[in-house]
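Participant: I am sharing upload00.cif, which consists of mmCIF, C-alpha atoms and all ligand atoms:
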```cif
data_structure
#
loop_
_atom_site.label_atom_id
_atom_site.label_comp_id
_atom_site.auth_asym_id
_atom_site.auth_seq_id
_atom_site.Cartn_x
_atom_site.Cartn_y
_atom_site.Cartn_z
CA MET A 1 84.33 115.37 66.25
CA LYS A 2 87.56 116.65 67.71
CA ILE A 3 88.64 115.10 71.01
CA GLY A 4 91.29 116.73 73.14
CA VAL A 5 93.23 113.83 74.65
CA VAL A 6 95.10 115.00 77.75
CA ILE A 7 97.76 112.52 78.82
CA THR A 8 99.29 112.88 82.30
CA GLY A 9 102.03 110.98 84.13
CA SER A 10 100.50 107.63 85.00
CA PHE A 11 103.10 105.88 82.90
CA CYS A 12 102.07 102.31 83.73
CA THR A 13 98.68 102.91 82.07
CA PHE A 14 100.02 104.45 78.82
CA GLU A 15 99.75 101.11 76.96
CA PRO A 16 96.04 100.41 77.72
CA VAL A 17 95.20 104.07 77.12
CA PHE A 18 96.97 103.92 73.76
CA ARG A 19 94.98 100.81 72.75
CA ALA A 20 91.74 102.60 73.68
CA LEU A 21 92.79 105.65 71.64
CA GLN A 22 93.45 103.43 68.61
CA GLN A 23 89.86 102.23 68.90
CA VAL A 24 88.54 105.79 69.29
CA LYS A 25 90.49 106.93 66.25
CA SER A 26 89.21 103.98 64.17
CA GLU A 27 85.67 105.17 64.94
CA GLY A 28 86.36 108.39 63.06
CA TYR A 29 87.15 110.89 65.81
CA GLU A 30 89.99 113.37 65.33
CA LEU A 31 92.48 113.21 68.21
CA ILE A 32 94.13 116.42 69.45
CA PRO A 33 96.95 115.14 71.71
CA ILE A 34 97.97 117.16 74.76
CA MET A 35 100.57 116.07 77.31
CA SER A 36 101.50 117.32 80.77
CA GLU A 37 105.13 118.33 81.07
CA ASN A 38 105.84 115.19 83.12
CA ALA A 39 104.17 112.90 80.60
CA TYR A 40 105.94 114.63 77.69
CA HIS A 41 109.48 114.57 79.10
CA THR A 42 109.87 111.62 81.49
CA ASP A 43 111.59 108.36 80.57
CA THR A 44 110.44 105.48 82.78
CA ARG A 45 110.54 101.69 82.83
CA PHE A 46 107.29 101.88 80.88
CA GLY A 47 109.04 103.48 77.92
CA LYS A 48 111.08 106.42 76.66
CA ALA A 49 109.29 109.76 76.42
CA LYS A 50 110.47 110.21 72.82
CA ASP A 51 109.02 106.85 71.76
CA TRP A 52 105.66 107.63 73.35
CA ARG A 53 105.57 111.06 71.72
CA GLU A 54 106.23 109.49 68.32
CA ARG A 55 103.53 106.84 68.76
CA ILE A 56 100.97 109.41 69.88
CA GLU A 57 101.73 111.83 67.03
CA LEU A 58 101.68 109.02 64.48
CA LEU A 59 98.31 107.78 65.73
CA SER A 60 96.68 111.20 65.90
CA GLY A 61 98.34 112.81 62.89
CA ASN A 62 98.52 116.00 64.95
CA PRO A 63 101.41 117.60 66.89
CA ILE A 64 101.29 117.21 70.66
CA ILE A 65 100.33 120.35 72.56
CA HIS A 66 102.85 120.48 75.42
CA SER A 67 103.08 124.03 76.74
CA ILE A 68 100.68 126.38 78.52
CA PRO A 69 100.83 129.01 75.72
CA ASP A 70 99.94 126.32 73.15
CA ALA A 71 97.09 124.96 75.31
CA GLU A 72 95.54 128.35 76.09
CA PRO A 73 93.88 128.85 72.64
CA ILE A 74 91.98 125.52 72.86
CA GLY A 75 88.88 127.29 74.21
CA PRO A 76 89.08 130.62 72.35
CA LYS A 77 89.70 128.88 69.00
CA GLY A 78 87.20 126.07 69.67
CA LEU A 79 89.81 123.38 68.97
CA THR A 80 88.00 120.59 70.89
CA ASP A 81 84.39 119.32 70.99
CA LEU A 82 85.05 116.79 73.74
CA MET A 83 88.00 116.33 76.09
CA VAL A 84 89.30 113.33 78.00
CA VAL A 85 92.08 113.25 80.58
CA ALA A 86 93.45 109.73 80.09
CA PRO A 87 95.25 108.70 82.16
CA CYS A 88 94.54 111.28 84.89
CA THR A 89 97.04 111.31 87.78
CA GLY A 90 96.15 112.14 91.37
CA ASN A 91 98.26 115.26 90.89
CA THR A 92 96.30 116.59 87.90
CA LEU A 93 93.02 115.56 89.53
CA ALA A 94 93.90 117.63 92.63
CA LYS A 95 94.70 120.66 90.52
CA LEU A 96 91.49 120.37 88.50
CA ALA A 97 89.42 120.05 91.67
CA ASN A 98 91.02 123.12 93.17
CA GLY A 99 91.30 125.48 90.21
CA ILE A 100 95.07 125.30 89.84
CA THR A 101 96.33 125.88 86.29
CA ASP A 102 100.11 125.49 86.20
CA THR A 103 100.61 122.73 83.63
CA THR A 104 99.74 122.14 79.98
CA ALA A 105 97.19 119.52 81.10
CA THR A 106 95.33 121.81 83.50
CA MET A 107 95.48 124.74 81.07
CA ALA A 108 93.94 122.57 78.34
CA VAL A 109 91.09 121.48 80.61
CA LYS A 110 90.42 125.01 81.84
CA SER A 111 90.39 126.35 78.29
CA HIS A 112 88.04 123.55 77.09
CA LEU A 113 85.63 123.94 80.03
CA ARG A 114 85.29 127.69 79.57
CA ASN A 115 83.08 126.92 76.57
CA GLY A 116 80.84 124.66 78.68
CA LYS A 117 81.94 121.57 76.76
CA PRO A 118 82.06 118.13 78.40
CA LEU A 119 85.11 116.60 80.05
CA LEU A 120 85.77 112.93 80.82
CA ILE A 121 88.29 111.94 83.51
CA ALA A 122 89.94 108.51 83.29
CA LEU A 123 91.58 108.16 86.66
CA ALA A 124 94.62 106.09 87.63
CA THR A 125 96.03 106.76 91.06
CA ASN A 126 97.15 104.79 94.10
CA ASP A 127 95.66 107.30 96.53
CA ALA A 128 92.16 107.52 95.02
CA LEU A 129 90.54 106.26 98.21
CA SER A 130 92.82 108.29 100.49
CA ALA A 131 94.34 111.72 99.65
CA SER A 132 92.57 112.00 96.27
CA ALA A 133 89.12 110.92 97.51
CA LYS A 134 87.97 114.45 98.30
CA ASN A 135 89.06 115.64 94.85
CA ILE A 136 87.05 112.88 93.15
CA GLY A 137 84.08 114.04 95.24
CA ILE A 138 84.53 117.68 94.20
CA LEU A 139 84.72 116.78 90.50
CA LEU A 140 81.79 114.32 90.64
CA ASN A 141 79.74 117.31 91.69
CA LYS A 142 80.96 119.64 88.93
CA LYS A 143 78.94 120.54 85.87
CA HIS A 144 80.20 119.19 82.51
CA VAL A 145 82.62 116.78 84.26
CA PHE A 146 82.19 112.99 83.97
CA PHE A 147 84.25 109.96 84.98
CA LEU A 148 85.22 106.88 83.03
CA PRO A 149 84.02 103.95 85.19
CA PHE A 150 86.74 102.72 87.56
CA ALA A 151 87.57 99.81 89.87
CA GLN A 152 89.95 98.95 92.66
CA ASP A 153 92.72 97.32 90.61
CA ASP A 154 94.39 95.52 93.55
CA PRO A 155 92.15 95.78 96.63
CA LEU A 156 94.41 93.75 98.92
CA GLY A 157 97.82 94.88 97.62
CA LYS A 158 96.88 98.55 97.02
CA PRO A 159 93.66 99.14 98.95
CA THR A 160 93.38 102.85 98.11
CA SER A 161 94.09 102.54 94.38
CA LEU A 162 91.51 103.07 91.62
CA VAL A 163 92.02 102.69 87.88
CA ALA A 164 89.54 103.47 85.11
CA ASP A 165 88.60 100.76 82.63
CA PHE A 166 90.15 102.37 79.57
CA SER A 167 88.54 99.85 77.21
CA LEU A 168 85.22 101.63 77.93
CA LEU A 169 86.54 104.88 76.45
CA PRO A 170 84.77 104.65 73.04
CA LYS A 171 81.41 103.95 74.70
CA ALA A 172 81.87 106.66 77.34
CA LEU A 173 82.78 109.22 74.66
CA ALA A 174 79.56 108.47 72.80
CA MET A 175 77.67 109.20 76.04
CA LEU A 176 79.80 112.27 76.75
CA LYS A 177 78.37 113.94 73.64
CA GLU A 178 74.98 113.76 75.38
CA GLU A 179 76.54 114.91 78.69
CA LYS A 180 75.65 111.54 80.24
CA GLN A 181 77.67 109.69 82.87
CA MET A 182 78.37 106.08 81.91
CA GLU A 183 77.05 103.68 84.54
CA PRO A 184 77.87 101.80 86.64
CA LEU A 185 80.60 104.22 87.63
CA LEU A 186 81.95 101.80 90.20
CA LEU A 187 83.10 98.55 88.57
CA GLN A 188 83.96 95.19 90.06
CA LYS A 189 87.58 94.26 89.51
CA GLU A 190 87.66 91.88 86.51
CA SER A 191 89.24 88.97 88.41
CA SER A 192 86.83 89.27 91.35
CA LYS A 193 83.65 89.06 89.24
C1 LIG B 201 106.91 105.19 86.76
C2 LIG B 201 105.91 106.15 87.34
C3 LIG B 201 104.59 105.79 87.39
C4 LIG B 201 103.62 106.68 87.93
N1 LIG B 201 102.32 106.29 87.95
C5 LIG B 201 101.40 107.13 88.47
C6 LIG B 201 100.02 106.76 88.47
O1 LIG B 201 99.63 105.69 87.97
N2 LIG B 201 99.14 107.62 89.00
C7 LIG B 201 99.51 108.83 89.53
O2 LIG B 201 98.65 109.56 90.02
N3 LIG B 201 100.81 109.21 89.53
C8 LIG B 201 101.75 108.39 89.01
N4 LIG B 201 103.08 108.78 89.00
C9 LIG B 201 103.45 110.07 89.59
C10 LIG B 201 103.20 111.23 88.64
O3 LIG B 201 103.92 111.06 87.42
C11 LIG B 201 103.60 112.55 89.33
O4 LIG B 201 102.69 112.79 90.40
C12 LIG B 201 103.64 113.74 88.40
O5 LIG B 201 103.90 114.90 89.16
C13 LIG B 201 102.32 113.90 87.66
O6 LIG B 201 102.33 115.10 86.92
P1 LIG B 201 101.15 115.40 85.87
O7 LIG B 201 99.86 115.13 86.59
O8 LIG B 201 101.32 116.86 85.55
O9 LIG B 201 101.40 114.52 84.71
C14 LIG B 201 104.03 107.93 88.45
C15 LIG B 201 105.38 108.29 88.38
C16 LIG B 201 106.31 107.42 87.83
C17 LIG B 201 107.75 107.86 87.74
#
```
What do you get writing this file as structure tokens?

Facilitator:
Amino acid sequence: MKIGVVITGSFCTFEPVFRALQQVKSEGYELIPIMSENAYHTDTRFGKAKDWRERIELLSGNPIIHSIPDAEPIGPKGLTDLMVVAPCTGNTLAKLANGITDTTATMAVKSHLRNGKPLLIALATNDALSASAKNIGILLNKKHVFFLPFAQDDPLGKPTSLVADFSLLPKALAMLKEEKQMEPLLLQKESSK
């Protein structure tokens, strides 16, 4: 199966997402990498954009889709069976919830969903329980859209932050094929269990 992997600008989660993608790839899925403009071009303290691009292309064996014209054919040409946005920023989440398509990431999702194929969102944003909460609500209620289970990563230090448990990605993708939401959606933070 071909999985569209849409990577957006939650740079601090690139490393755990990458580890999860290695696992997914080892299970025999083909990875079609797609990056938002911010994810594709931005150097941060979590790594240089060029280094991340190289690692992602090496892992997937496919070129990264990083422009709206290159993302548009995903639906018409049936390039993806499943799609995951991992990591998904609050910014991309807001656009998806409100039908805004002005980045490679949102174009890829729109193009994939037009064929009624399933989408998994692996959230990572500090405002999940504030500004982004309504967008999570909108997408929870949308057909073909599922969430990777998430937890408050630092309830006292960052009380409105939620981050998906990326290590669950292989399992959630298996369920995504059946259009099933992995449960429990709401996880306990590892250290507070
Ligand atoms: C170092 C760094 C880390 C960031 N981490 C996050 C994050 O974890 N979650 C998030 O929603 N935005 C994060 N951002 C902000 C996004 O990159 C920013 O909102 C950007 O516009 C997202 O664009 P995109 O959704 O098209 O990738 C971070 C920015 C920087 C510079």

Participant: Please identify every polymer residue within 6 Å of ligand LIG 201 (chain B), using only C-alpha atoms and all ligand atoms, and present the set as a count of residues only.

Facilitator: 15

Participant: If we count only C-alpha atoms and set the cut-off at 12 Å, which residues sit around segment 14-23 of chain A, ignoring sequence neighbours fewer than 6 positions away in its own chain? Please answer as a PDB file with C-alpha atoms, in the coordinates of the input.

Facilitator:
```pdb
ATOM      1  CA  ILE A   3      88.640 115.100  71.010  1.00  0.00           C
ATOM      2  CA  GLY A   4      91.290 116.730  73.140  1.00  0.00           C
ATOM      3  CA  VAL A   5      93.230 113.830  74.650  1.00  0.00           C
ATOM      4  CA  VAL A   6      95.100 115.000  77.750  1.00  0.00           C
ATOM      5  CA  ILE A   7      97.760 112.520  78.820  1.00  0.00           C
ATOM      6  CA  THR A   8      99.290 112.880  82.300  1.00  0.00           C
ATOM      7  CA  TYR A  29      87.150 110.890  65.810  1.00  0.00           C
ATOM      8  CA  GLU A  30      89.990 113.370  65.330  1.00  0.00           C
ATOM      9  CA  LEU A  31      92.480 113.210  68.210  1.00  0.00           C
ATOM     10  CA  ILE A  32      94.130 116.420  69.450  1.00  0.00           C
ATOM     11  CA  PRO A  33      96.950 115.140  71.710  1.00  0.00           C
ATOM     12  CA  MET A  35     100.570 116.070  77.310  1.00  0.00           C
ATOM     13  CA  ALA A  39     104.170 112.900  80.600  1.00  0.00           C
ATOM     14  CA  TYR A  40     105.940 114.630  77.690  1.00  0.00           C
ATOM     15  CA  THR A  44     110.440 105.480  82.780  1.00  0.00           C
ATOM     16  CA  ARG A  45     110.540 101.690  82.830  1.00  0.00           C
ATOM     17  CA  PHE A  46     107.290 101.880  80.880  1.00  0.00           C
ATOM     18  CA  GLY A  47     109.040 103.480  77.920  1.00  0.00           C
ATOM     19  CA  LYS A  48     111.080 106.420  76.660  1.00  0.00           C
ATOM     20  CA  ALA A  49     109.290 109.760  76.420  1.00  0.00           C
ATOM     21  CA  ASP A  51     109.020 106.850  71.760  1.00  0.00           C
ATOM     22  CA  TRP A  52     105.660 107.630  73.350  1.00  0.00           C
ATOM     23  CA  ARG A  53     105.570 111.060  71.720  1.00  0.00           C
ATOM     24  CA  ARG A  55     103.530 106.840  68.760  1.00  0.00           C
ATOM     25  CA  ILE A  56     100.970 109.410  69.880  1.00  0.00           C
ATOM     26  CA  GLU A  57     101.730 111.830  67.030  1.00  0.00           C
ATOM     27  CA  LEU A  58     101.680 109.020  64.480  1.00  0.00           C
ATOM     28  CA  LEU A  59      98.310 107.780  65.730  1.00  0.00           C
ATOM     29  CA  SER A  60      96.680 111.200  65.900  1.00  0.00           C
ATOM     30  CA  VAL A  84      89.300 113.330  78.000  1.00  0.00           C
ATOM     31  CA  VAL A  85      92.080 113.250  80.580  1.00  0.00           C
ATOM     32  CA  ALA A  86      93.450 109.730  80.090  1.00  0.00           C
ATOM     33  CA  PRO A  87      95.250 108.700  82.160  1.00  0.00           C
ATOM     34  CA  CYS A  88      94.540 111.280  84.890  1.00  0.00           C
ATOM     35  CA  THR A  89      97.040 111.310  87.780  1.00  0.00           C
ATOM     36  CA  ALA A 122      89.940 108.510  83.290  1.00  0.00           C
ATOM     37  CA  LEU A 123      91.580 108.160  86.660  1.00  0.00           C
ATOM     38  CA  ALA A 124      94.620 106.090  87.630  1.00  0.00           C
ATOM     39  CA  LEU A 148      85.220 106.880  83.030  1.00  0.00           C
ATOM     40  CA  VAL A 163      92.020 102.690  87.880  1.00  0.00           C
ATOM     41  CA  ALA A 164      89.540 103.470  85.110  1.00  0.00           C
ATOM     42  CA  ASP A 165      88.600 100.760  82.630  1.00  0.00           C
ATOM     43  CA  PHE A 166      90.150 102.370  79.570  1.00  0.00           C
ATOM     44  CA  SER A 167      88.540  99.850  77.210  1.00  0.00           C
ATOM     45  CA  LEU A 168      85.220 101.630  77.930  1.00  0.00           C
ATOM     46  CA  LEU A 169      86.540 104.880  76.450  1.00  0.00           C
ATOM     47  CA  PRO A 170      84.770 104.650  73.040  1.00  0.00           C
ATOM     48  CA  LYS A 171      81.410 103.950  74.700  1.00  0.00           C
ATOM     49  CA  ALA A 172      81.870 106.660  77.340  1.00  0.00           C
ATOM     50  CA  LEU A 173      82.780 109.220  74.660  1.00  0.00           C
TER      51      LEU A 173
END
```

Participant: I'd like to know which of A:Leu120, A:Leu186, A:Ile34, A:Ile138 is closest to Ala174 of chain A, using all atoms listed in the file.

Facilitator: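 Closest to Ala174 of chain A, using all atoms listed in the file: A:Leu120.
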
Participant: Counting all atoms listed in the file, figure out which residue out of A:Leu93, A:Leu156, A:Ala105, A:Ile64 gets nearest to Ala131 of chain A.

Facilitator: A:Leu93

Participant: Applying 10 Å and all atoms listed in the file, which residues near Lys177 of chain A remain after dropping the ones on its own chain fewer than 5 positions away? List them as a list in words.

Facilitator: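 Final neighbour list, sorted by chain and number: Met1, Asp81, Leu82, Lys117, Pro118, Leu119 and Ala172 of chain A.
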
Participant: Listed atoms of segment 156-160 of chain A, axis-aligned box, 3 Å per side: centre and edge lengths to one decimal in Å, as AutoDock Vina command-line options?

Facilitator:
```
--center_x 95.6 --center_y 98.3 --center_z 98.0 --size_x 10.4 --size_y 15.1 --size_z 7.9
```
